[in-house]
Amino acid sequence: MTNLTKNISAVNTVLRNKYRVLNHINLQKRKVAAVRMLGFDECYAQWPENRQLLTAVMDGSSSVGQAVCEISARNRLDSTKVRELLTGLYTTGLLEFHITDVCDLSCIECHYRAKSLSTFPFDSISTFITALNPKAITITGGGEPSLYNNTHKTMNDVIRLIVETFPNKKIGLINNNTHIPKGDWIDCIQWQRSSLDAANRETYRYIKGVDKYDLTIENIYCLLASNIQFVGVGFLYRNENIEQIPLFLEQWFERYQHMTVYAQAKFNIQFRPISPSIESIADYDLHNDMEVRMYKSVQETTARAHVNVAFDNFLRMQTNFYAISNAKNGSYFLHDQQEFSHCQNALLHRILRSDGTEYPDFLICNQPKMSLGNVLTANNPDDERIRISLNTLFYYFRMSEFCDTAHCRQCWVSQLVEEYSSKDISSLDLPDLAFF
Ligand SMILES: C[S@@+](CC[C@H](N)C(=O)[O-])C[C@H]1O[C@@H](n2cnc3c(N)ncnc32)[C@H](O)[C@@H]1O
């Protein structure tokens, strides 16, 4: 049965359903309990010392050994117990795994343009996934995951290794889809999204620096004929492609009508706004009237939908167009500044970069001084995992200069988790896919 006949939009109810973060609520509760046992929360008398300790670990002036000693003494806990609790905090709900920084494109404003071209060592993957123990893994970059090559292992080998070793993990792939690696990885992932971002060759070449538009469309069709449950097309809207949105949607509507029912059921389009770098987010300069131009593009598309029911259905069922056009704060580009008390995202989400550095969020991935740590290069991996856990608390307690609602684009995650952490969520009918 297609999504249309079931009248359920996969893109809105599953892939971009904001409640999907609640799939990780039990992990959040376990972590908050551990944080309390370590004396970090609701203990006002210790709070200045706790701030000092977390700052010292983050800036490298305190070693993990010193921090563990201090926490043990302060809370009258055995240091083995403290290490055990902190090691438990290293795990994550969703892992965004950047398997390589090698890329065949050079997209304007890519967060990773100043990258190192590193590739994550194949032989370390199992150890990392065992320690991080995520429910779901999104394989992406950095660079282009389909170009992964380490000791002659390809992306196919990476995905096969993960599903064979950890059969319960859900796997998604975000890539540019200019190349489809050989192998049966296609049968092992739940969803895939191709970053297309353009409605013609010229704009694609302008944004991405390379002429691979037609090839990408061809490859999207290949994946639509595969066993992947959801095959998406990503459109990161930005100064360079705002005017293309109506054409982009018309083209895909036309293509959609000629797809098999099987392909239609998996096809989706996901719009997202480009993010400026974290330093400029609070005083983001929307150059060239981006909001006004977006408004015109949105109006043009909605006007067409008003007179064409099939197109309107397509927008509702196969795209998240109406979510962007009804932005709560009236802006297409600026995020909704939701209030939250702690950064729950830091407890539930981890980025593992191709050089081994770990971050709580992609927006700070280009800021080495904000990294949580690097187990891959550390002399003592066990201690480094504890250091990473302590640094996630640095973010959990919003101690970084960017941990306010004006900077944080993930504040909705924290707001939602905090709203539901004391409620019964069994009636919410959450999507069965644990990714966000
Ligand atoms: C950096 S790409 C790497 C994976 C793959 N090469 C691709 O093109 O999808 C991963 C995702 O980051 C998104 N991205 C890159 N720069 C961004 C920015 N400035 N703001 C928001 N998303 C961005 C891309 O749209 C893409 O969906």
# chains A, B, ... in the order shown; residues from 1 in each chain; ligands from 1

call {"tool": "residues_near_ligand", "arguments": {"ligand": "ligand 1", "cutoff": "9 Å", "atoms": "only C-alpha atoms and all ligand atoms", "output": "ChimeraX atom specification"}}
result
/A:98,101-105,107-113,139-146,173-177,193-197,208,234-238,272-277,362-363

call {"tool": "select_by_dssp", "arguments": {"residues": "range 256-413 of chain A", "states": "strand (DSSP E)", "output": "list of chain:residue names"}}
result
A:Phe267, A:Asn268, A:Ile269, A:Gln270, A:Phe271, A:Arg272, A:Pro273, A:His349, A:Arg350, A:Ile351, A:Leu352, A:Thr357, A:Glu358, A:Tyr359, A:Gly373, A:Asn374

call {"tool": "write_last_selection", "arguments": {"atoms": "all heavy atoms", "output": "compact mmCIF listing (two decimals), in the first residue's frame"}}
result
# COMPACT_ATOMS: atom_id res chain seq x y z
N PHE A 267 9.63 7.37 -1.86
CA PHE A 267 10.19 8.66 -2.27
C PHE A 267 9.81 9.80 -1.30
O PHE A 267 8.66 9.93 -0.90
CB PHE A 267 9.70 9.01 -3.68
CG PHE A 267 10.21 10.34 -4.14
CD1 PHE A 267 11.53 10.47 -4.53
CD2 PHE A 267 9.38 11.45 -4.16
CE1 PHE A 267 12.03 11.71 -4.93
CE2 PHE A 267 9.87 12.69 -4.57
CZ PHE A 267 11.19 12.81 -4.95
N ASN A 268 10.78 10.62 -0.96
CA ASN A 268 10.48 11.81 -0.14
C ASN A 268 11.47 12.93 -0.44
O ASN A 268 12.58 12.69 -0.89
CB ASN A 268 10.49 11.46 1.36
CG ASN A 268 11.84 10.98 1.82
OD1 ASN A 268 12.72 11.78 2.14
ND2 ASN A 268 12.04 9.66 1.84
N ILE A 269 10.99 14.14 -0.18
CA ILE A 269 11.85 15.33 -0.36
C ILE A 269 11.95 16.03 0.99
O ILE A 269 10.93 16.26 1.66
CB ILE A 269 11.23 16.30 -1.40
CG1 ILE A 269 11.31 15.67 -2.80
CG2 ILE A 269 11.95 17.65 -1.39
CD1 ILE A 269 10.66 16.50 -3.89
N GLN A 270 13.17 16.37 1.37
CA GLN A 270 13.36 17.02 2.68
C GLN A 270 14.04 18.38 2.50
O GLN A 270 15.18 18.45 2.04
CB GLN A 270 14.22 16.12 3.58
CG GLN A 270 13.55 14.78 3.87
CD GLN A 270 14.40 13.89 4.76
OE1 GLN A 270 15.06 14.36 5.68
NE2 GLN A 270 14.38 12.60 4.47
N PHE A 271 13.30 19.43 2.83
CA PHE A 271 13.86 20.78 2.80
C PHE A 271 14.46 21.10 4.17
O PHE A 271 13.90 20.74 5.20
CB PHE A 271 12.75 21.81 2.54
CG PHE A 271 12.24 21.77 1.13
CD1 PHE A 271 11.06 21.10 0.83
CD2 PHE A 271 12.93 22.39 0.10
CE1 PHE A 271 10.57 21.06 -0.46
CE2 PHE A 271 12.46 22.36 -1.20
CZ PHE A 271 11.27 21.69 -1.48
N ARG A 272 15.60 21.76 4.13
CA ARG A 272 16.22 22.25 5.38
C ARG A 272 16.91 23.57 5.07
O ARG A 272 17.39 23.76 3.96
CB ARG A 272 17.27 21.26 5.90
CG ARG A 272 16.72 19.95 6.40
CD ARG A 272 17.80 18.89 6.49
NE ARG A 272 18.42 18.72 5.19
CZ ARG A 272 19.71 18.86 4.94
NH1 ARG A 272 20.54 19.15 5.90
NH2 ARG A 272 20.17 18.71 3.72
N PRO A 273 16.95 24.49 6.05
CA PRO A 273 17.66 25.75 5.79
C PRO A 273 19.16 25.57 5.97
O PRO A 273 19.58 24.76 6.82
CB PRO A 273 17.11 26.68 6.87
CG PRO A 273 16.71 25.77 7.99
CD PRO A 273 16.35 24.44 7.40
N HIS A 349 23.08 12.62 21.47
CA HIS A 349 23.56 12.73 20.09
C HIS A 349 25.07 12.85 20.09
O HIS A 349 25.63 13.60 20.88
CB HIS A 349 22.94 13.99 19.48
CG HIS A 349 23.19 14.17 18.03
ND1 HIS A 349 23.25 15.40 17.43
CD2 HIS A 349 23.42 13.28 17.05
CE1 HIS A 349 23.49 15.26 16.14
NE2 HIS A 349 23.61 13.98 15.89
N ARG A 350 25.73 12.10 19.22
CA ARG A 350 27.19 12.23 19.13
C ARG A 350 27.60 12.22 17.67
O ARG A 350 27.06 11.47 16.85
CB ARG A 350 27.86 11.04 19.83
CG ARG A 350 29.38 11.16 19.97
CD ARG A 350 29.80 12.12 21.06
NE ARG A 350 29.10 11.90 22.30
CZ ARG A 350 29.37 10.90 23.15
NH1 ARG A 350 30.36 10.09 22.92
NH2 ARG A 350 28.66 10.76 24.24
N ILE A 351 28.58 13.05 17.38
CA ILE A 351 29.19 13.01 16.05
C ILE A 351 30.58 12.41 16.20
O ILE A 351 31.36 12.85 17.05
CB ILE A 351 29.26 14.42 15.44
CG1 ILE A 351 27.83 14.88 15.18
CG2 ILE A 351 30.08 14.40 14.15
CD1 ILE A 351 27.68 16.18 14.54
N LEU A 352 30.84 11.39 15.42
CA LEU A 352 32.17 10.79 15.40
C LEU A 352 32.79 11.13 14.05
O LEU A 352 32.32 10.67 13.01
CB LEU A 352 32.06 9.26 15.58
CG LEU A 352 33.35 8.45 15.47
CD1 LEU A 352 34.40 8.91 16.48
CD2 LEU A 352 33.05 6.95 15.67
N THR A 357 37.75 12.58 16.21
CA THR A 357 37.26 13.57 17.18
C THR A 357 35.74 13.41 17.34
O THR A 357 35.04 13.04 16.39
CB THR A 357 37.58 15.03 16.78
OG1 THR A 357 37.29 15.19 15.41
CG2 THR A 357 39.01 15.39 17.07
N GLU A 358 35.28 13.71 18.53
CA GLU A 358 33.84 13.59 18.81
C GLU A 358 33.29 14.95 19.22
O GLU A 358 33.97 15.74 19.88
CB GLU A 358 33.61 12.55 19.92
CG GLU A 358 34.11 11.17 19.49
CD GLU A 358 33.77 10.05 20.45
OE1 GLU A 358 32.72 10.11 21.11
OE2 GLU A 358 34.56 9.09 20.51
N TYR A 359 32.04 15.19 18.78
CA TYR A 359 31.35 16.45 19.08
C TYR A 359 29.91 16.13 19.45
O TYR A 359 29.36 15.12 19.00
CB TYR A 359 31.32 17.35 17.83
CG TYR A 359 32.66 17.93 17.43
CD1 TYR A 359 33.49 17.24 16.56
CD2 TYR A 359 33.07 19.17 17.91
CE1 TYR A 359 34.73 17.77 16.19
CE2 TYR A 359 34.30 19.70 17.55
CZ TYR A 359 35.12 19.00 16.68
OH TYR A 359 36.33 19.52 16.32
N GLY A 373 36.74 15.20 22.59
CA GLY A 373 37.95 14.39 22.78
C GLY A 373 38.16 13.48 21.58
O GLY A 373 37.39 13.54 20.61
N ASN A 374 39.20 12.64 21.66
CA ASN A 374 39.49 11.75 20.54
C ASN A 374 40.06 10.43 21.08
O ASN A 374 41.21 10.37 21.50
CB ASN A 374 40.49 12.42 19.60
CG ASN A 374 40.69 11.63 18.32
OD1 ASN A 374 40.63 10.40 18.32
ND2 ASN A 374 40.92 12.33 17.23

call {"tool": "residues_around", "arguments": {"residues": "range 323-336 of chain A", "least_positions_apart": "3", "cutoff": "12 Å", "atoms": "only C-alpha atoms", "output": "PyMOL selection string"}}
result
chain A and resi 11-13+16-18+235-239+242+245+269-276+280-287+289-302+315-317+319-320+339+405-413+415

call {"tool": "atom_distance", "arguments": {"atom1": "CA of Arg51 in chain A", "atom2": "CA of Asp404 in chain A"}}
result
17.0 Å

call {"tool": "select_by_dssp", "arguments": {"residues": "range 311-384 of chain A", "states": "alpha helix (DSSP H)", "output": "PyMOL selection string"}}
result
chain A and resi 311-318+321-325+345-348+381-384

call {"tool": "write_last_selection", "arguments": {"atoms": "C-alpha atoms", "output": "PDB file, in the first residue's frame"}}
result
ATOM      1  CA  PHE A 311       0.220  18.416  -6.481  1.00  0.00           C
ATOM      2  CA  ASP A 312      -1.075  19.484  -3.059  1.00  0.00           C
ATOM      3  CA  ASN A 313      -1.245  15.810  -2.009  1.00  0.00           C
ATOM      4  CA  PHE A 314       2.269  15.292  -3.280  1.00  0.00           C
ATOM      5  CA  LEU A 315       3.517  18.224  -1.179  1.00  0.00           C
ATOM      6  CA  ARG A 316       1.731  16.911   1.902  1.00  0.00           C
ATOM      7  CA  MET A 317       2.625  13.251   1.581  1.00  0.00           C
ATOM      8  CA  GLN A 318       6.038  13.140  -0.041  1.00  0.00           C
ATOM      9  CA  PHE A 321       7.218  21.644   2.250  1.00  0.00           C
ATOM     10  CA  TYR A 322       4.309  22.721   4.467  1.00  0.00           C
ATOM     11  CA  ALA A 323       6.467  22.467   7.575  1.00  0.00           C
ATOM     12  CA  ILE A 324       8.914  25.019   6.185  1.00  0.00           C
ATOM     13  CA  SER A 325       6.200  27.266   4.853  1.00  0.00           C
ATOM     14  CA  ASN A 345      21.124  16.872  22.794  1.00  0.00           C
ATOM     15  CA  ALA A 346      24.556  16.456  24.369  1.00  0.00           C
ATOM     16  CA  LEU A 347      23.285  13.355  26.212  1.00  0.00           C
ATOM     17  CA  LEU A 348      21.631  11.755  23.192  1.00  0.00           C
ATOM     18  CA  PRO A 381      41.277   5.095  25.410  1.00  0.00           C
ATOM     19  CA  ASP A 382      39.418   4.260  28.641  1.00  0.00           C
ATOM     20  CA  ASP A 383      40.427   7.564  30.236  1.00  0.00           C
ATOM     21  CA  GLU A 384      39.622   9.431  27.047  1.00  0.00           C
TER      22      GLU A 384
END

call {"tool": "residues_around", "arguments": {"residues": "range 52-61 of chain A", "least_positions_apart": "3", "cutoff": "10 Å", "atoms": "only C-alpha atoms", "output": "PyMOL selection string"}}
result
chain A and resi 40+47-49+64+66-68+70-71+369-373+387-388+390-395+397+399-400

call {"tool": "closest_residue", "arguments": {"among": "A:Leu22, A:Leu38, A:Leu376, A:Leu94", "to": "Val82 in chain A", "atoms": "only C-alpha atoms"}}
result
A:Leu38

call {"tool": "atom_distance", "arguments": {"atom1": "CA of Thr154 in chain A", "atom2": "CA of Gly356 in chain A"}}
result
18.0 Å

call {"tool": "residues_around", "arguments": {"residues": "Lys212 in chain A", "least_positions_apart": "6", "cutoff": "8 Å", "atoms": "only C-alpha atoms", "output": "MDAnalysis selection string"}}
result
chainID A and resid 178 201 204:205

call {"tool": "write_last_selection", "arguments": {"atoms": "all heavy atoms", "output": "mmCIF file, in the first residue's frame"}}
result
data_model
loop_
_atom_site.group_PDB
_atom_site.id
_atom_site.type_symbol
_atom_site.label_atom_id
_atom_site.label_comp_id
_atom_site.auth_asym_id
_atom_site.auth_seq_id
_atom_site.Cartn_x
_atom_site.Cartn_y
_atom_site.Cartn_z
ATOM 1 N N THR A 178 26.604 10.497 -5.935
ATOM 2 C CA THR A 178 27.212 10.581 -7.272
ATOM 3 C C THR A 178 27.858 9.248 -7.638
ATOM 4 O O THR A 178 28.330 9.047 -8.745
ATOM 5 C CB THR A 178 28.307 11.673 -7.319
ATOM 6 O OG1 THR A 178 29.315 11.359 -6.344
ATOM 7 C CG2 THR A 178 27.739 13.053 -7.047
ATOM 8 N N ARG A 201 21.338 21.627 -13.859
ATOM 9 C CA ARG A 201 22.796 21.384 -13.866
ATOM 10 C C ARG A 201 23.589 22.600 -13.424
ATOM 11 O O ARG A 201 24.562 22.485 -12.687
ATOM 12 C CB ARG A 201 23.253 21.086 -15.301
ATOM 13 C CG ARG A 201 23.049 19.674 -15.674
ATOM 14 C CD ARG A 201 23.438 19.445 -17.115
ATOM 15 N NE ARG A 201 22.482 18.498 -17.630
ATOM 16 C CZ ARG A 201 21.728 18.687 -18.689
ATOM 17 N NH1 ARG A 201 21.833 19.760 -19.426
ATOM 18 N NH2 ARG A 201 20.878 17.762 -19.057
ATOM 19 N N TYR A 204 23.387 23.290 -9.692
ATOM 20 C CA TYR A 204 24.112 22.201 -9.012
ATOM 21 C C TYR A 204 25.619 22.457 -9.121
ATOM 22 O O TYR A 204 26.347 22.401 -8.125
ATOM 23 C CB TYR A 204 23.744 20.858 -9.660
ATOM 24 C CG TYR A 204 24.374 19.654 -8.987
ATOM 25 C CD1 TYR A 204 23.680 18.924 -8.023
ATOM 26 C CD2 TYR A 204 25.673 19.246 -9.321
ATOM 27 C CE1 TYR A 204 24.263 17.822 -7.404
ATOM 28 C CE2 TYR A 204 26.257 18.149 -8.708
ATOM 29 C CZ TYR A 204 25.545 17.432 -7.753
ATOM 30 O OH TYR A 204 26.134 16.343 -7.142
ATOM 31 N N ARG A 205 26.067 22.781 -10.351
ATOM 32 C CA ARG A 205 27.509 22.998 -10.563
ATOM 33 C C ARG A 205 27.980 24.204 -9.764
ATOM 34 O O ARG A 205 29.050 24.202 -9.163
ATOM 35 C CB ARG A 205 27.807 23.199 -12.057
ATOM 36 C CG ARG A 205 29.293 23.068 -12.381
ATOM 37 C CD ARG A 205 29.650 23.432 -13.817
ATOM 38 N NE ARG A 205 28.798 22.853 -14.822
ATOM 39 C CZ ARG A 205 27.991 23.553 -15.610
ATOM 40 N NH1 ARG A 205 27.921 24.864 -15.509
ATOM 41 N NH2 ARG A 205 27.259 22.959 -16.525
#

call {"tool": "closest_residue", "arguments": {"among": "A:Phe97, A:Gly88, A:Phe253, A:Lys29", "to": "Val309 in chain A", "atoms": "only C-alpha atoms"}}
result
A:Phe253

call {"tool": "residues_around", "arguments": {"residues": "Pro134 in chain A", "least_positions_apart": "3", "cutoff": "6 Å", "atoms": "only C-alpha atoms", "output": "list in words"}}
result
Thr92, Gly93, Leu94 and Leu95 of chain A

call {"tool": "closest_residue", "arguments": {"among": "A:Ser106, A:Met37, A:Ser354, A:Met259", "to": "Thr377 in chain A", "atoms": "only C-alpha atoms"}}
result
A:Ser354

call {"tool": "atom_distance", "arguments": {"atom1": "CA of Tyr213 in chain A", "atom2": "CA of Ala225 in chain A"}}
result
19.0 Å

call {"tool": "residues_around", "arguments": {"residues": "Glu164 in chain A", "least_positions_apart": "5", "cutoff": "12 Å", "atoms": "only C-alpha atoms", "output": "list in words"}}
result
Ser126, Asn156, Asp157, Val158, Ile159, Lys169, Trp185 and Cys188 of chain A
